[in-house]
>>> print(open('target.cif').read())   # mmCIF, C-alpha atoms and all ligand atoms
data_work
loop_
_atom_site.label_atom_id
_atom_site.label_comp_id
_atom_site.auth_asym_id
_atom_site.auth_seq_id
_atom_site.Cartn_x
_atom_site.Cartn_y
_atom_site.Cartn_z
CA MET A 1 12.23 11.44 -8.85
CA LEU A 2 10.95 10.20 -5.52
CA ARG A 3 7.47 11.47 -4.67
CA VAL A 4 7.16 12.59 -1.05
CA ALA A 5 4.12 13.93 0.81
CA ILE A 6 4.95 17.21 2.54
CA SER A 7 3.63 15.69 5.77
CA ARG A 8 6.45 13.10 5.47
CA LEU A 9 9.01 15.86 5.08
CA ALA A 10 7.69 17.29 8.34
CA ASP A 11 8.67 14.05 10.11
CA LEU A 12 12.18 15.42 10.02
CA ALA A 13 11.30 17.80 12.83
CA VAL A 14 10.20 14.89 15.02
CA CYS A 15 12.83 12.26 14.29
CA GLU A 16 15.40 12.18 11.49
CA LEU A 17 15.32 8.39 11.45
CA LYS A 18 11.74 8.33 10.18
CA PRO A 19 12.45 9.38 6.55
CA TYR A 20 15.40 7.01 6.50
CA LEU A 21 13.29 4.06 7.67
CA HIS A 22 10.49 4.95 5.27
CA PHE A 23 12.27 5.86 2.06
CA VAL A 24 15.63 4.10 2.28
CA VAL A 25 14.91 0.94 4.28
CA GLY A 26 11.36 0.73 2.84
CA GLU A 27 9.51 0.23 6.12
CA ARG A 28 5.77 0.81 5.94
CA PRO A 29 4.30 3.13 8.56
CA VAL A 30 1.67 1.59 10.83
CA PHE A 31 -0.63 4.44 11.85
CA GLY A 32 -2.78 4.46 14.94
CA GLU A 33 -6.50 5.02 15.13
CA TRP A 34 -6.03 8.78 15.67
CA VAL A 35 -4.72 9.20 12.10
CA ARG A 36 -7.84 7.57 10.62
CA ALA A 37 -9.98 9.74 12.91
CA GLY A 38 -8.14 12.83 11.60
CA THR A 39 -8.91 11.86 7.97
CA VAL A 40 -12.62 11.51 8.78
CA HIS A 41 -12.63 14.88 10.58
CA HIS A 42 -10.96 16.64 7.64
CA ALA A 43 -13.54 15.23 5.23
CA LEU A 44 -16.27 16.44 7.58
CA SER A 45 -14.73 19.93 7.74
CA ALA A 46 -14.75 20.12 3.93
CA GLN A 47 -18.40 19.06 3.88
CA ILE A 48 -19.38 21.66 6.51
CA ASP A 49 -17.45 24.31 4.59
CA LYS A 50 -19.34 23.45 1.40
CA GLN A 51 -22.72 23.48 3.14
CA THR A 52 -22.28 26.65 5.16
CA LYS A 53 -20.47 29.01 2.79
CA GLN A 54 -21.73 30.62 -0.38
CA TYR A 55 -18.92 30.16 -2.90
CA GLU A 56 -19.31 31.99 -6.17
CA LYS A 57 -18.64 29.78 -9.19
CA VAL A 58 -16.18 31.39 -11.58
CA SER A 59 -14.41 30.13 -14.71
CA VAL A 60 -10.83 28.88 -14.49
CA GLU A 61 -9.65 31.94 -16.42
CA LYS A 62 -11.46 34.28 -14.03
CA LEU A 63 -10.01 32.45 -11.03
CA LYS A 64 -6.48 32.77 -12.46
CA GLN A 65 -7.07 36.46 -13.02
CA LEU A 66 -8.36 36.98 -9.46
CA LEU A 67 -5.40 35.11 -8.02
CA SER A 68 -2.94 37.26 -9.94
CA GLU A 69 -4.50 40.60 -8.95
CA GLU A 70 -2.88 42.25 -5.94
CA GLY A 71 -6.08 43.77 -4.57
CA SER A 72 -8.36 40.75 -4.70
CA CYS A 73 -9.45 38.42 -1.88
CA VAL A 74 -10.12 34.78 -2.77
CA GLU A 75 -11.11 31.82 -0.64
CA ILE A 76 -11.07 28.37 -2.24
CA PRO A 77 -13.21 25.63 -0.62
CA SER A 78 -11.45 23.36 1.90
CA GLU A 79 -9.30 20.46 0.70
CA LYS A 80 -9.35 21.60 -2.94
CA VAL A 81 -5.92 23.16 -3.42
CA ARG A 82 -2.83 21.02 -4.09
CA VAL A 83 0.74 22.22 -4.27
CA GLU A 84 3.88 20.57 -5.60
CA PHE A 85 7.54 21.46 -5.96
CA SER A 86 10.80 19.73 -6.85
CA PHE A 87 13.89 19.87 -4.70
CA GLY A 88 16.97 17.70 -5.21
CA ASP A 89 15.85 14.22 -6.26
CA CYS A 90 12.35 14.55 -4.80
CA VAL A 91 8.97 15.96 -5.74
CA PHE A 92 7.11 17.16 -2.65
CA SER A 93 3.35 17.57 -2.71
CA GLY A 94 0.44 18.19 -0.41
CA ARG A 95 -3.17 19.24 -0.13
CA LEU A 96 -4.06 22.36 1.82
CA ASP A 97 -6.86 22.27 4.36
CA LYS A 98 -7.73 25.86 3.52
CA PHE A 99 -6.26 28.38 1.08
CA LEU A 100 -6.90 32.12 1.20
CA LYS A 101 -5.53 34.98 -0.82
CA LEU A 102 -5.88 38.35 0.86
CA GLU A 103 -4.61 41.14 -1.36
CA LYS A 104 -0.83 40.66 -1.57
CA SER A 105 -0.57 37.65 0.73
CA VAL A 106 -1.42 33.98 0.51
CA ARG A 107 -2.52 32.14 3.62
CA VAL A 108 -2.77 28.50 4.58
CA VAL A 109 -4.92 27.26 7.46
CA ASP A 110 -4.31 23.80 8.82
CA GLU A 111 -6.67 21.94 11.13
CA LYS A 112 -5.30 19.47 13.66
CA PHE A 113 -7.63 17.18 15.55
CA VAL A 114 -6.21 16.45 18.95
CA GLY A 115 -6.91 14.42 22.03
CA LYS A 116 -6.33 15.60 25.57
CA GLY A 117 -2.83 16.81 26.45
CA SER A 118 -1.94 17.96 22.95
CA MET A 119 1.47 19.62 22.55
CA ARG A 120 -0.02 22.55 20.66
CA VAL A 121 2.14 23.92 17.87
CA HIS A 122 5.20 21.78 17.37
CA ASP A 123 8.25 22.21 15.08
CA ARG A 124 6.70 19.55 12.87
CA HIS A 125 3.75 21.83 12.14
CA HIS A 126 6.00 24.80 11.33
CA LEU A 127 7.91 22.64 8.86
CA GLN A 128 4.76 21.24 7.22
CA LEU A 129 2.98 24.59 6.93
CA GLY A 130 6.17 26.43 5.96
CA ALA A 131 6.68 23.89 3.16
CA TYR A 132 3.15 24.52 1.86
CA CYS A 133 3.95 28.25 1.74
CA TYR A 134 7.26 27.48 0.01
CA ALA A 135 5.33 25.42 -2.56
CA LEU A 136 2.84 28.22 -3.23
CA LYS A 137 5.70 30.59 -3.98
CA ASN A 138 8.11 28.25 -5.75
CA GLY A 139 6.12 25.32 -7.10
CA SER A 140 2.92 24.58 -8.97
CA THR A 141 -0.61 25.10 -7.67
CA SER A 142 -3.70 23.23 -8.80
CA TYR A 143 -7.20 22.73 -7.54
CA ALA A 144 -9.91 20.10 -7.79
CA ARG A 145 -12.97 21.07 -9.79
CA GLY A 146 -15.45 18.20 -9.64
CA SER A 147 -13.47 15.12 -10.59
CA LYS A 148 -10.93 17.14 -12.61
CA ARG A 149 -7.67 18.68 -11.47
CA VAL A 150 -7.10 22.14 -12.90
CA GLU A 151 -3.56 23.49 -13.09
CA LEU A 152 -3.42 27.11 -11.96
CA GLY A 153 0.24 27.68 -12.71
CA GLU A 154 3.88 27.66 -11.61
CA GLN A 155 5.30 30.11 -9.06
CA LEU A 156 1.93 31.86 -8.98
CA PHE A 157 2.62 33.59 -5.69
CA LYS A 158 6.37 34.14 -5.87
CA ASP A 159 6.04 37.87 -5.12
CA PHE A 160 3.42 37.43 -2.38
CA ASP A 161 3.94 37.17 1.35
CA ALA A 162 2.97 33.75 2.69
CA PHE A 163 1.51 33.05 6.14
CA TYR A 164 0.06 30.06 7.89
CA LYS A 165 -2.11 29.39 10.88
CA ILE A 166 -2.83 26.25 12.87
CA VAL A 167 -6.22 25.56 14.38
CA GLU A 168 -6.47 22.74 16.88
CA ARG A 169 -9.84 21.14 17.46
CA SER A 170 -10.91 18.50 19.90
CA ARG A 171 -11.14 15.01 18.36
CA GLU A 172 -14.13 14.32 20.56
CA THR A 173 -16.21 17.49 20.15
CA ARG A 174 -14.60 19.36 17.20
CA GLU A 175 -14.48 22.47 19.39
CA THR A 176 -11.57 24.83 18.74
CA VAL A 177 -9.09 24.42 21.59
CA PHE A 178 -6.27 26.52 20.17
CA GLU A 179 -5.67 28.91 17.29
CA SER A 180 -2.19 30.19 16.45
CA GLU A 181 -1.32 33.66 15.17
CA TRP A 182 -0.66 34.09 11.46
CA THR A 183 2.98 33.09 11.08
CA ALA A 184 5.28 34.13 8.22
CA SER A 185 6.99 31.18 6.58
CA ASP A 186 10.74 31.03 7.07
CA GLU A 187 11.98 30.07 3.61
CA LYS A 188 15.63 29.76 4.67
CA LYS A 189 14.67 27.22 7.32
CA ILE A 190 12.58 25.24 4.84
CA VAL A 191 15.44 25.10 2.34
CA GLY A 192 17.78 23.93 5.14
CA SER A 193 15.31 21.15 6.03
CA LEU A 194 14.94 20.13 2.39
CA GLU A 195 18.73 19.86 2.06
CA ARG A 196 18.92 17.82 5.26
CA PHE A 197 16.13 15.54 4.00
CA GLY A 198 18.09 14.93 0.78
CA LYS A 199 21.25 14.07 2.74
CA ILE A 200 19.39 11.55 4.90
CA LEU A 201 17.87 9.90 1.83
CA ASN A 202 21.32 9.69 0.24
CA GLY A 203 22.77 8.12 3.35
CA GLU A 204 24.99 11.16 4.01
CA PHE A 205 24.61 11.09 7.77
CA ASP A 206 26.19 9.75 10.87
CA LEU A 207 23.76 7.69 12.96
CA GLU A 208 25.19 9.18 16.15
CA GLY A 209 24.42 12.70 14.90
CA LEU A 210 20.77 12.08 14.00
CA LYS A 211 18.10 13.90 15.92
CA LEU A 212 15.95 11.10 17.31
CA GLY A 213 12.35 11.25 18.45
CA GLU A 214 11.58 11.76 22.11
CA ASN A 215 8.24 10.04 22.16
CA CYS A 216 8.60 6.73 20.37
CA GLU A 217 5.34 5.45 21.79
CA TRP A 218 3.36 7.34 19.13
CA CYS A 219 5.70 6.58 16.23
CA GLU A 220 4.35 4.72 13.20
CA PHE A 221 7.73 2.99 12.77
CA LYS A 222 8.15 1.84 16.37
CA GLN A 223 7.78 -1.85 15.47
CA ALA A 224 10.64 -1.69 12.98
CA CYS A 225 12.93 0.78 14.68
CA ARG A 226 15.98 -0.47 16.56
CA SER A 227 16.72 2.96 18.00
CA ARG A 228 13.31 3.18 19.65
CA ARG A 229 13.44 4.58 23.14
CA ILE A 230 11.95 2.20 25.63
CA ILE A 231 10.34 3.92 28.56
S1 LIG A 301 10.63 4.72 17.10
FE1 LIG A 301 11.54 6.62 17.95
S2 LIG A 301 13.69 6.63 17.22
FE2 LIG A 301 12.53 5.13 15.97
S3 LIG A 301 11.88 6.26 14.16
FE3 LIG A 301 10.23 6.38 15.65
S4 LIG A 301 10.55 8.27 16.80
FE4 LIG A 301 12.46 7.75 15.70
#
>>> encode(input="target.cif", output="structure tokens")
Amino acid sequence: MLRVAISRLADLAVCELKPYLHFVVGERPVFGEWVRAGTVHHALSAQIDKQTKQYEKVSVEKLKQLLSEEGSCVEIPSEKVRVEFSFGDCVFSGRLDKFLKLEKSVRVVDEKFVGKGSMRVHDRHHLQLGAYCYALKNGSTSYARGSKRVELGEQLFKDFDAFYKIVERSRETRETVFESEWTASDEKKIVGSLERFGKILNGEFDLEGLKLGENCEWCEFKQACRSRRII
């Protein structure tokens, strides 16, 4: 099984050539400075979360019980929850910025750190966040406790509603510049994207029919890509 980060699946919404170049041709992505800055900001968010919120420590058994109860509300500290699911020949996984369970719904919050002129919520974000929700309902959920990873279970939230929200913050100041509404995940759309991803990896596509990126300047494969748009 090929292991794929859910953020890589989301590339499909930007340019269908990206997964092909990465997983079939074997090109290595060359990320710009803004990606490293995003990693530092996410770590800082987790630290702030830990310092400013009073989380109650509960046993793993108690946590599992709370997560299964319809009436409970649970917030797990930032960057602690991981999800994973299999589809076709791939195992998709990802770490959630923030996980919440509010009665009979599970919610994912994703932080994006942006420069000036951000595009706000893009199809890529809907695919990434929708896939996290899909994983919560259909895959396995675990969380980091100290240096250990604790498995919480398979299909834990299959009967729950799943929503996501995107919060954009300035890369310079960390101020919130945009916050989306809670959005229900569209499972049908996610399954369609997963099938399309599998076809691209298996070479079942026509190069002419591929959806190509419109802004190659920011692409991490631009050095290797022969279809790159030159402006
Ligand atoms: S350089 Fe442009 S066409 Fe090539 S993979 Fe990147 S976004 Fe797609």
>>> closest_residue(input="target.cif", among="A:Met1, A:Val114, A:Val14, A:Leu9", to="ligand LIG 301 (chain A)", atoms="only C-alpha atoms and all ligand atoms")
A:Val14
>>> residues_near_ligand(input="target.cif", ligand="ligand LIG 301 (chain A)", cutoff="6 Å", atoms="all atoms listed in the file", output="PyMOL selection string")
chain A and resi 15+17-18+212-213+216+219+221-222+225+227-229
>>> closest_residue(input="target.cif", among="A:Asp123, A:Glu27, A:Glu16, A:Glu84", to="Tyr143 in chain A", atoms="all atoms listed in the file")
A:Glu84
>>> residues_around(input="target.cif", residues="Val177 in chain A", least_positions_apart="3", cutoff="8 Å", atoms="only C-alpha atoms", output="mmCIF file with C-alpha atoms, keeping the file's coordinate frame")
data_model
loop_
_atom_site.group_PDB
_atom_site.id
_atom_site.type_symbol
_atom_site.label_atom_id
_atom_site.label_comp_id
_atom_site.auth_asym_id
_atom_site.auth_seq_id
_atom_site.Cartn_x
_atom_site.Cartn_y
_atom_site.Cartn_z
ATOM 1 C CA VAL A 167 -6.220 25.560 14.380
ATOM 2 C CA GLU A 168 -6.470 22.740 16.880
ATOM 3 C CA ARG A 169 -9.840 21.140 17.460
ATOM 4 C CA SER A 170 -10.910 18.500 19.900
#
>>> closest_residue(input="target.cif", among="A:Arg124, A:Ala162, A:Ser140, A:Arg174", to="Val40 in chain A", atoms="all atoms listed in the file")
A:Arg174
>>> residues_around(input="target.cif", residues="Tyr132 in chain A", least_positions_apart="2", cutoff="9 Å", atoms="only C-alpha atoms", output="PyMOL selection string")
chain A and resi 6+83-84+93-96+108+127-130+134-137+164
>>> closest_residue(input="target.cif", among="A:Gly88, A:Ser45, A:Ala10, A:Gly153", to="Asn202 in chain A", atoms="all atoms listed in the file")
A:Gly88
>>> atom_distance(input="target.cif", atom1="CA of Glu33 in chain A", atom2="CA of Lys116 in chain A")
14.9 Å
>>> closest_residue(input="target.cif", among="A:Arg145, A:Lys188, A:Arg196, A:His42", to="Ile76 in chain A", atoms="all atoms listed in the file")
A:Arg145
>>> residues_near_point(input="target.cif", point="(-2.0, 28.4, 9.1)", cutoff="7 Å", atoms="only C-alpha atoms", output="number ranges by chain")
A: 107-110, 129, 163-166, 182
>>> residues_around(input="target.cif", residues="Glu61 in chain A", least_positions_apart="5", cutoff="12 Å", atoms="only C-alpha atoms", output="list in words")
Leu66, Leu67, Ser68, Val150, Glu151, Leu152 and Gly153 of chain A
>>> atom_distance(input="target.cif", atom1="CA of Lys158 in chain A", atom2="CA of Lys98 in chain A")
18.9 Å
>>> closest_residue(input="target.cif", among="A:Lys64, A:Lys148, A:Arg3, A:His122", to="Cys90 in chain A", atoms="only C-alpha atoms")
A:Arg3
>>> axis_aligned_box(input="target.cif", around="range 193-203 of chain A", padding_each_side="4 Å", output="AutoDock Vina command-line options")
--center_x 18.9 --center_y 14.6 --center_z 3.1 --size_x 15.8 --size_y 21.0 --size_z 13.8
>>> atom_distance(input="target.cif", atom1="CA of Asp161 in chain A", atom2="CA of Ser105 in chain A")
4.6 Å
>>> residues_near_point(input="target.cif", point="(-0.9, 41.2, -3.5)", cutoff="7 Å", atoms="all atoms listed in the file", output="list in words")
Glu69, Glu70, Gly71, Glu103, Lys104, Ser105 and Phe160 of chain A
>>> residues_around(input="target.cif", residues="His126 in chain A", least_positions_apart="5", cutoff="9 Å", atoms="all atoms listed in the file", output="ChimeraX atom specification")
/A:10,13,121,131,164,183,185-186
>>> write_last_selection(input="target.cif", atoms="C-alpha atoms", output="PDB file, in the frame of the given file")
ATOM      1  CA  ALA A  10       7.690  17.290   8.340  1.00  0.00           C
ATOM      2  CA  ALA A  13      11.300  17.800  12.830  1.00  0.00           C
ATOM      3  CA  VAL A 121       2.140  23.920  17.870  1.00  0.00           C
ATOM      4  CA  ALA A 131       6.680  23.890   3.160  1.00  0.00           C
ATOM      5  CA  TYR A 164       0.060  30.060   7.890  1.00  0.00           C
ATOM      6  CA  THR A 183       2.980  33.090  11.080  1.00  0.00           C
ATOM      7  CA  SER A 185       6.990  31.180   6.580  1.00  0.00           C
ATOM      8  CA  ASP A 186      10.740  31.030   7.070  1.00  0.00           C
TER       9      ASP A 186
END
>>> residues_around(input="target.cif", residues="Glu75 in chain A", least_positions_apart="3", cutoff="12 Å", atoms="all atoms listed in the file", output="PyMOL selection string")
chain A and resi 49-50+53-57+63+66-67+72+78-81+97-103+106-109
>>> build_atoms(input="target.cif", residues="range 19-53 of chain A", atoms="N, CA and C atoms", output="tab-separated table (two decimals), in the coordinates of the input")
chain	number	residue	atom	x	y	z
A	19	PRO	N	12.34	9.43	8.02
A	19	PRO	CA	12.45	9.38	6.55
A	19	PRO	C	13.42	8.30	6.08
A	20	TYR	N	14.45	8.05	6.88
A	20	TYR	CA	15.40	7.01	6.50
A	20	TYR	C	14.71	5.64	6.49
A	21	LEU	N	13.98	5.35	7.58
A	21	LEU	CA	13.29	4.06	7.67
A	21	LEU	C	12.25	3.92	6.55
A	22	HIS	N	11.57	5.01	6.27
A	22	HIS	CA	10.49	4.95	5.27
A	22	HIS	C	11.02	4.82	3.85
A	23	PHE	N	11.90	5.77	3.47
A	23	PHE	CA	12.27	5.86	2.06
A	23	PHE	C	13.52	5.07	1.68
A	24	VAL	N	14.40	4.83	2.62
A	24	VAL	CA	15.63	4.10	2.28
A	24	VAL	C	15.48	2.63	2.64
A	25	VAL	N	15.06	2.35	3.87
A	25	VAL	CA	14.91	0.94	4.28
A	25	VAL	C	13.62	0.36	3.68
A	26	GLY	N	12.61	1.21	3.44
A	26	GLY	CA	11.36	0.73	2.84
A	26	GLY	C	10.35	0.22	3.84
A	27	GLU	N	10.49	0.64	5.10
A	27	GLU	CA	9.51	0.23	6.12
A	27	GLU	C	8.17	0.93	5.87
A	28	ARG	N	7.10	0.21	6.10
A	28	ARG	CA	5.77	0.81	5.94
A	28	ARG	C	5.30	1.35	7.28
A	29	PRO	N	4.80	2.58	7.29
A	29	PRO	CA	4.30	3.13	8.56
A	29	PRO	C	3.02	2.42	9.01
A	30	VAL	N	2.90	2.20	10.29
A	30	VAL	CA	1.67	1.59	10.83
A	30	VAL	C	1.02	2.67	11.70
A	31	PHE	N	-0.01	3.31	11.15
A	31	PHE	CA	-0.63	4.44	11.85
A	31	PHE	C	-1.67	3.97	12.85
A	32	GLY	N	-1.79	4.76	13.91
A	32	GLY	CA	-2.78	4.46	14.94
A	32	GLY	C	-4.16	4.96	14.54
A	33	GLU	N	-5.11	4.66	15.37
A	33	GLU	CA	-6.50	5.02	15.13
A	33	GLU	C	-6.70	6.52	14.97
A	34	TRP	N	-5.86	7.32	15.70
A	34	TRP	CA	-6.03	8.78	15.67
A	34	TRP	C	-5.79	9.36	14.28
A	35	VAL	N	-4.97	8.68	13.46
A	35	VAL	CA	-4.72	9.20	12.10
A	35	VAL	C	-5.97	8.99	11.24
A	36	ARG	N	-6.59	7.83	11.38
A	36	ARG	CA	-7.84	7.57	10.62
A	36	ARG	C	-8.93	8.55	11.07
A	37	ALA	N	-8.97	8.80	12.38
A	37	ALA	CA	-9.98	9.74	12.91
A	37	ALA	C	-9.74	11.13	12.32
A	38	GLY	N	-8.48	11.53	12.17
A	38	GLY	CA	-8.14	12.83	11.60
A	38	GLY	C	-8.62	12.94	10.15
A	39	THR	N	-8.46	11.86	9.37
A	39	THR	CA	-8.91	11.86	7.97
A	39	THR	C	-10.42	12.07	7.89
A	40	VAL	N	-11.15	11.39	8.77
A	40	VAL	CA	-12.62	11.51	8.78
A	40	VAL	C	-13.01	12.95	9.16
A	41	HIS	N	-12.32	13.51	10.16
A	41	HIS	CA	-12.63	14.88	10.58
A	41	HIS	C	-12.35	15.89	9.47
A	42	HIS	N	-11.28	15.71	8.73
A	42	HIS	CA	-10.96	16.64	7.64
A	42	HIS	C	-12.03	16.57	6.55
A	43	ALA	N	-12.48	15.38	6.24
A	43	ALA	CA	-13.54	15.23	5.23
A	43	ALA	C	-14.81	15.93	5.72
A	44	LEU	N	-15.08	15.81	7.00
A	44	LEU	CA	-16.27	16.44	7.58
A	44	LEU	C	-16.15	17.97	7.52
A	45	SER	N	-14.95	18.47	7.80
A	45	SER	CA	-14.73	19.93	7.74
A	45	SER	C	-15.00	20.45	6.33
A	46	ALA	N	-14.54	19.69	5.32
A	46	ALA	CA	-14.75	20.12	3.93
A	46	ALA	C	-16.24	20.14	3.60
A	47	GLN	N	-16.96	19.14	4.13
A	47	GLN	CA	-18.40	19.06	3.88
A	47	GLN	C	-19.14	20.24	4.55
A	48	ILE	N	-18.76	20.54	5.78
A	48	ILE	CA	-19.38	21.66	6.51
A	48	ILE	C	-19.11	22.97	5.78
A	49	ASP	N	-17.86	23.11	5.33
A	49	ASP	CA	-17.45	24.31	4.59
A	49	ASP	C	-18.35	24.51	3.36
A	50	LYS	N	-18.55	23.41	2.64
A	50	LYS	CA	-19.34	23.45	1.40
A	50	LYS	C	-20.80	23.80	1.71
A	51	GLN	N	-21.31	23.26	2.81
A	51	GLN	CA	-22.72	23.48	3.14
A	51	GLN	C	-23.01	24.85	3.75
A	52	THR	N	-22.01	25.43	4.41
A	52	THR	CA	-22.28	26.65	5.16
A	52	THR	C	-21.81	27.93	4.46
A	53	LYS	N	-20.96	27.80	3.44
A	53	LYS	CA	-20.47	29.01	2.79
A	53	LYS	C	-21.02	29.14	1.38
